[in-house]
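Trainee: data-v5.cif (mmCIF, C-alpha atoms) pasted underneath:
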```cif
data_entry
loop_
_atom_site.label_atom_id
_atom_site.label_comp_id
_atom_site.auth_asym_id
_atom_site.auth_seq_id
_atom_site.Cartn_x
_atom_site.Cartn_y
_atom_site.Cartn_z
CA MET A 1 37.01 -35.39 10.04
CA LYS A 2 35.99 -32.15 11.66
CA ALA A 3 32.46 -30.76 11.24
CA VAL A 4 31.66 -27.15 12.12
CA GLN A 5 28.13 -25.82 12.49
CA ARG A 6 27.91 -22.49 10.65
CA PHE A 7 24.15 -22.03 10.35
CA GLY A 8 24.29 -18.81 12.35
CA LEU A 9 26.77 -17.23 9.94
CA ILE A 10 24.81 -18.42 6.93
CA THR A 11 21.54 -17.05 8.31
CA GLU A 12 23.17 -13.69 9.01
CA ARG A 13 24.57 -13.51 5.47
CA VAL A 14 21.21 -14.42 3.93
CA GLU A 15 19.47 -11.80 6.04
CA ARG A 16 21.95 -9.12 4.98
CA ALA A 17 21.54 -10.13 1.33
CA ALA A 18 17.74 -10.05 1.67
CA GLN A 19 17.82 -6.55 3.14
CA ALA A 20 20.27 -5.27 0.49
CA GLY A 21 18.09 -6.80 -2.24
CA LEU A 22 14.94 -5.19 -0.87
CA ASP A 23 16.66 -1.80 -0.61
CA ALA A 24 17.81 -2.11 -4.22
CA ALA A 25 14.28 -3.09 -5.28
CA ALA A 26 12.72 -0.05 -3.60
CA ARG A 27 15.30 2.36 -5.08
CA GLN A 28 14.89 0.97 -8.60
CA ALA A 29 11.09 0.90 -8.31
CA ALA A 30 11.06 4.59 -7.37
CA ILE A 31 13.17 5.50 -10.41
CA VAL A 32 11.05 3.48 -12.84
CA ALA A 33 7.70 4.59 -11.37
CA GLN A 34 8.56 8.28 -11.59
CA ALA A 35 10.05 7.89 -15.08
CA ASN A 36 6.78 6.41 -16.36
CA ALA A 37 4.41 8.83 -14.61
CA SER A 38 3.10 12.07 -16.05
CA ILE A 39 2.79 13.64 -12.58
CA ASN A 40 5.23 14.10 -9.73
CA LEU A 41 4.37 11.10 -7.54
CA GLU A 42 6.22 12.50 -4.51
CA LEU A 43 7.48 9.01 -3.82
CA GLU A 44 8.63 7.91 -0.41
CA VAL A 45 11.18 5.10 -0.51
CA LYS A 46 10.77 2.75 2.43
CA GLY A 47 13.97 0.78 3.04
CA ALA A 48 14.09 -2.79 4.29
CA ARG A 49 12.42 -3.16 7.65
CA GLY A 50 11.56 -6.11 9.84
CA GLU A 51 8.19 -7.80 9.53
CA LEU A 52 6.57 -10.50 11.60
CA ASP A 53 8.39 -12.96 9.39
CA GLY A 54 11.32 -11.60 7.35
CA TYR A 55 11.72 -8.17 5.80
CA SER A 56 9.88 -5.87 3.40
CA ALA A 57 10.58 -2.64 1.53
CA GLY A 58 8.64 -0.53 -0.91
CA ILE A 59 7.63 2.82 -2.33
CA LYS A 60 4.58 4.93 -1.55
CA SER A 61 3.22 7.91 -3.44
CA ARG A 62 2.42 10.86 -1.18
CA ARG A 63 0.89 12.95 -3.97
CA LYS A 64 -2.53 14.27 -2.94
CA SER A 65 -5.32 16.03 -4.81
CA SER A 66 -4.61 19.72 -5.39
CA ARG A 67 -8.28 20.60 -4.86
CA ALA A 68 -8.81 22.70 -1.74
CA GLY A 69 -10.08 20.70 1.20
CA LYS A 70 -9.24 17.34 -0.41
CA ALA A 71 -6.47 15.00 0.68
CA THR A 72 -7.20 12.14 -1.73
CA PRO A 73 -4.14 10.21 -2.92
CA ILE A 74 -4.19 10.41 -6.72
CA ALA A 75 -1.42 8.05 -7.89
CA ARG A 76 -3.89 5.20 -8.49
CA PHE A 77 -6.01 7.31 -10.86
CA PHE A 78 -2.99 7.77 -13.12
CA ASP A 79 -1.65 4.25 -12.65
CA GLU A 80 -4.88 2.42 -13.51
CA GLY A 81 -6.59 5.26 -15.39
CA THR A 82 -10.19 6.34 -14.92
CA LEU A 83 -11.64 4.97 -18.15
CA GLY A 84 -12.70 1.58 -16.82
CA LYS A 85 -12.74 -1.06 -19.51
CA ARG A 86 -13.45 1.37 -22.34
CA ARG A 87 -10.75 1.22 -25.01
CA LYS A 88 -12.34 3.28 -27.81
CA PRO A 89 -12.81 7.04 -27.83
CA VAL A 90 -16.22 8.47 -27.04
CA LYS A 91 -18.19 8.47 -30.29
CA ARG A 92 -20.43 11.40 -29.58
CA GLY A 93 -19.17 14.79 -28.49
CA ARG A 94 -20.15 15.79 -25.00
CA LYS A 95 -23.01 18.28 -24.62
CA LYS A 96 -22.03 21.70 -23.34
CA SER A 97 -25.46 22.28 -21.78
CA TRP A 98 -28.87 20.65 -21.50
CA THR A 99 -32.24 21.33 -19.93
CA GLN A 100 -33.47 19.18 -17.11
CA THR A 101 -36.61 19.07 -14.98
CA ARG A 102 -36.30 18.06 -11.36
CA GLY A 103 -39.11 18.40 -8.83
CA GLY A 104 -41.20 20.31 -11.33
CA THR A 105 -38.51 22.94 -11.78
CA SER A 106 -36.72 23.24 -15.10
CA TYR A 107 -33.13 24.41 -15.28
CA THR A 108 -30.27 24.41 -17.73
CA ALA A 109 -27.22 22.43 -16.71
CA GLU A 110 -23.82 23.58 -17.96
CA ARG A 111 -20.95 21.14 -18.31
CA ARG A 112 -17.85 22.71 -16.86
CA ASP A 113 -15.32 20.16 -18.03
CA ILE A 114 -15.91 19.85 -21.78
CA ASP A 115 -12.64 18.04 -22.47
CA GLY A 116 -12.79 15.82 -19.42
CA LYS A 117 -12.68 12.32 -20.84
CA GLY A 118 -10.81 10.59 -18.05
CA ILE A 119 -7.21 9.59 -17.58
CA GLU A 120 -5.43 7.01 -19.71
CA PRO A 121 -3.74 4.33 -17.56
CA GLU A 122 0.03 4.76 -17.26
CA HIS A 123 0.77 1.46 -15.46
CA PHE A 124 3.80 2.83 -13.67
CA PHE A 125 3.33 0.70 -10.55
CA PRO A 126 3.44 -2.67 -12.38
CA LYS A 127 6.50 -1.46 -14.31
CA ALA A 128 8.10 -0.39 -11.03
CA ARG A 129 7.25 -3.73 -9.42
CA ASN A 130 8.86 -5.67 -12.29
CA ALA A 131 11.97 -3.45 -12.36
CA GLY A 132 12.32 -3.63 -8.59
CA ARG A 133 11.97 -7.39 -8.54
CA LYS A 134 14.63 -7.70 -11.24
CA ALA A 135 16.99 -5.39 -9.31
CA MET A 136 16.36 -7.37 -6.12
CA LEU A 137 17.19 -10.72 -7.73
CA GLU A 138 20.35 -9.28 -9.33
CA GLN A 139 21.47 -7.86 -5.99
CA ILE A 140 20.85 -11.15 -4.20
CA ASP A 141 22.74 -13.02 -6.94
CA ARG A 142 25.72 -10.72 -6.43
CA ASN A 143 25.69 -11.15 -2.63
CA LEU A 144 24.99 -14.88 -2.60
CA PRO A 145 26.90 -16.36 -5.55
CA MET B 146 -0.23 -8.14 27.98
CA THR B 147 -0.78 -4.90 26.16
CA GLU B 148 1.93 -2.41 25.38
CA GLN B 149 1.43 1.32 24.92
CA LEU B 150 3.37 2.18 21.77
CA SER B 151 3.08 5.92 21.30
CA GLU B 152 0.93 8.83 22.38
CA GLN B 153 1.16 10.41 18.93
CA ALA B 154 0.92 7.59 16.43
CA ALA B 155 -2.27 5.67 15.82
CA ALA B 156 -1.08 2.24 16.77
CA ALA B 157 -2.26 -0.85 18.53
CA ALA B 158 -0.68 -3.76 20.30
CA VAL B 159 -2.85 -6.81 20.56
CA THR B 160 -2.55 -10.30 22.00
CA VAL B 161 -4.58 -13.15 20.57
CA ASP B 162 -6.14 -15.90 22.65
CA ALA B 163 -6.24 -18.46 19.82
CA ALA B 164 -4.45 -19.14 16.56
CA TRP B 165 -5.81 -16.56 14.15
CA SER B 166 -5.00 -15.22 10.71
CA PHE B 167 -6.01 -12.28 8.53
CA THR B 168 -5.05 -10.66 5.26
CA THR B 169 -4.03 -7.00 5.17
CA ALA B 170 -5.50 -4.95 2.34
CA PRO B 171 -3.00 -3.80 -0.32
CA ASP B 172 -2.26 -0.09 -0.52
CA VAL B 173 -3.17 0.93 -4.08
CA ASN B 174 -0.82 3.92 -3.99
CA SER B 175 2.28 1.91 -3.19
CA VAL B 176 4.43 -1.03 -4.28
CA GLN B 177 5.78 -3.45 -1.69
CA PHE B 178 8.54 -6.03 -1.97
CA GLY B 179 8.77 -8.90 0.48
CA GLY B 180 6.54 -9.36 3.48
CA ASP B 181 3.47 -11.52 3.56
CA PRO B 182 0.07 -9.78 3.61
CA HIS B 183 -1.41 -12.95 5.11
CA VAL B 184 -0.49 -12.79 8.78
CA VAL B 185 -0.82 -15.80 11.05
CA LEU B 186 -0.77 -15.35 14.80
CA GLU B 187 -0.27 -18.10 17.35
CA ALA B 188 -2.06 -18.14 20.70
CA GLY B 189 -0.48 -15.67 23.10
CA GLU B 190 1.46 -13.93 20.36
CA MET B 191 1.57 -10.15 20.26
CA PHE B 192 1.04 -8.20 17.06
CA THR B 193 1.67 -4.49 16.57
CA THR B 194 0.45 -2.31 13.73
CA SER B 195 0.65 1.37 12.80
CA ASP B 196 -2.29 1.04 10.40
CA PRO B 197 -5.31 2.65 12.14
CA ILE B 198 -7.85 0.81 9.95
CA LEU B 199 -6.29 -2.57 10.67
CA ALA B 200 -6.05 -1.66 14.34
CA ALA B 201 -9.79 -0.90 14.37
CA GLU B 202 -10.60 -4.24 12.75
CA LEU B 203 -8.41 -6.05 15.23
CA ALA B 204 -10.10 -4.18 18.07
CA GLU B 205 -13.53 -5.31 16.88
CA ASN B 206 -12.58 -8.96 16.57
CA PRO B 207 -13.91 -11.16 19.38
CA TYR B 208 -10.85 -13.41 19.26
CA LEU B 209 -8.73 -10.67 20.75
CA VAL B 210 -8.43 -10.49 24.50
CA GLU B 211 -6.65 -7.19 24.97
CA VAL B 212 -6.42 -4.18 22.70
CA GLU B 213 -5.03 -0.77 23.41
CA SER B 214 -4.76 1.96 20.78
CA ALA B 215 -3.54 5.53 20.76
CA GLY B 216 -4.11 8.43 18.41
CA SER B 217 -7.13 9.54 16.45
CA LYS B 218 -10.12 7.28 16.05
CA PRO B 219 -9.92 5.52 12.69
CA ARG B 220 -12.81 5.43 10.26
CA LYS B 221 -14.95 2.34 10.16
CA ARG B 222 -14.86 -0.04 7.26
CA GLY B 223 -17.42 -2.68 6.43
CA GLY B 224 -16.86 -6.39 6.88
CA LYS B 225 -14.63 -8.48 9.06
CA PRO B 226 -11.14 -9.53 8.02
#
```
Hey, can you dump this file as structure tokens for me?

Mentor:
Amino acid sequence: MKAVQRFGLITERVERAAQAGLDAAARQAAIVAQANASINLELEVKGARGELDGYSAGIKSRRKSSRAGKATPIARFFDEGTLGKRRKPVKRGRKKSWTQTRGGTSYTAERRDIDGKGIEPEHFFPKARNAGRKAMLEQIDRNLP
Amino acid sequence: MTEQLSEQAAAAAVTVDAAWSFTTAPDVNSVQFGGDPHVVLEAGEMFTTSDPILAAELAENPYLVEVESAGSKPRKRGGKP
């Protein structure tokens, strides 16, 4: 009987499969995230790269606020929405203006954003995560039958 | 031993003097596959990061013996990791 130690070859093959799977996950996640978003997410696809232990890959939205002087990333506002836990529409219409007294001085406040009722959540990141994970497992299955 | 990584990038290379672990905060504008956000360092092990916030937290931790960072000064964030 002849026994041959092939752990090195096996490890190399598993590492290649892991990297290919992560690359596939990131590519698929980018497609699904953008397809489910109402804005251009300006996604950056980060391919498989070495970590302290193993590899990781992912996508990152580079879309920033269009307001002058602001550089706030806005993908989260559309992913999770800005309505909090509220599920029903606002019952009362929003006031266009009202009078307020502050420091003994009375003034009339004008609401600029009459229609501003927040952003409905689009949940494109969880959808992207699920699609990416599925693509990764399929890719690994193909490479490591 | 501390290694200078880059003059341009905000980065830090740190060496720990005792076994130490921390959890990196998730980026809410991204999706990541693989990788463990809970990092465990053994004594004498070197860790490098390009995240300026994490680098600042590492720099403030008393368990670290040597820290060198380059680039702009990161903003402070409350709490220890």

Trainee: If we count only C-alpha atoms, which residues of chain B reach to within 8 Å of chain A? Please list them as number ranges by chain.

Mentor: B: 173-181, 184

Trainee: Measuring atom to atom with only C-alpha atoms, identify which of A:Ala68, A:Leu83, A:Ala35, A:Ala20 is nearest to A:Asn143.

Mentor: A:Ala20

Trainee: In Å, with one decimal, what is the gap from atom CA of A:Glu122 to atom CA of A:Lys96?

Mentor: 28.5 Å

Trainee: Could you list as a list in words every residue that has an atom within 8 Å of (-28.2, 22.9, -17.5), using the file's coordinates and counting all atoms listed in the file?

Mentor: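 Residues with an atom close enough to that point: Ser97, Trp98, Thr99, Gln100, Tyr107, Thr108, Ala109, Glu110 and Arg111 of chain A.
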
Trainee: Counting only C-alpha atoms, figure out which residue out of A:Ser106, A:Thr82, A:Thr72, A:Gln28 gets nearest to A:Lys127.

Mentor: A:Gln28

Trainee: Expressed in Å to a single decimal, how great is the separation between atom CA of A:Ala24 and atom CA of A:Leu144?

Mentor: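 Taking atom CA of A:Ala24 as the start and atom CA of A:Leu144 as the end point, the length is 14.7 Å.
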
Trainee: One decimal, Å: what's the distance from atom CA of A:Lys70 over to atom CA of A:Asn40, could you say?

Mentor: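 Spanning atom CA of A:Lys70 to atom CA of A:Asn40 is a straight-line distance of 17.5 Å.
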
Trainee: Identify all residues satisfying the PyMOL selection byres ((chain A and resi 119) around 6) in the given file; provide them as a list of chain:residue names.

Mentor: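 This file, filtered by the PyMOL selection byres ((chain A and resi 119) around 6), leaves A:Gly81, A:Thr82, A:Gly118, A:Glu120.
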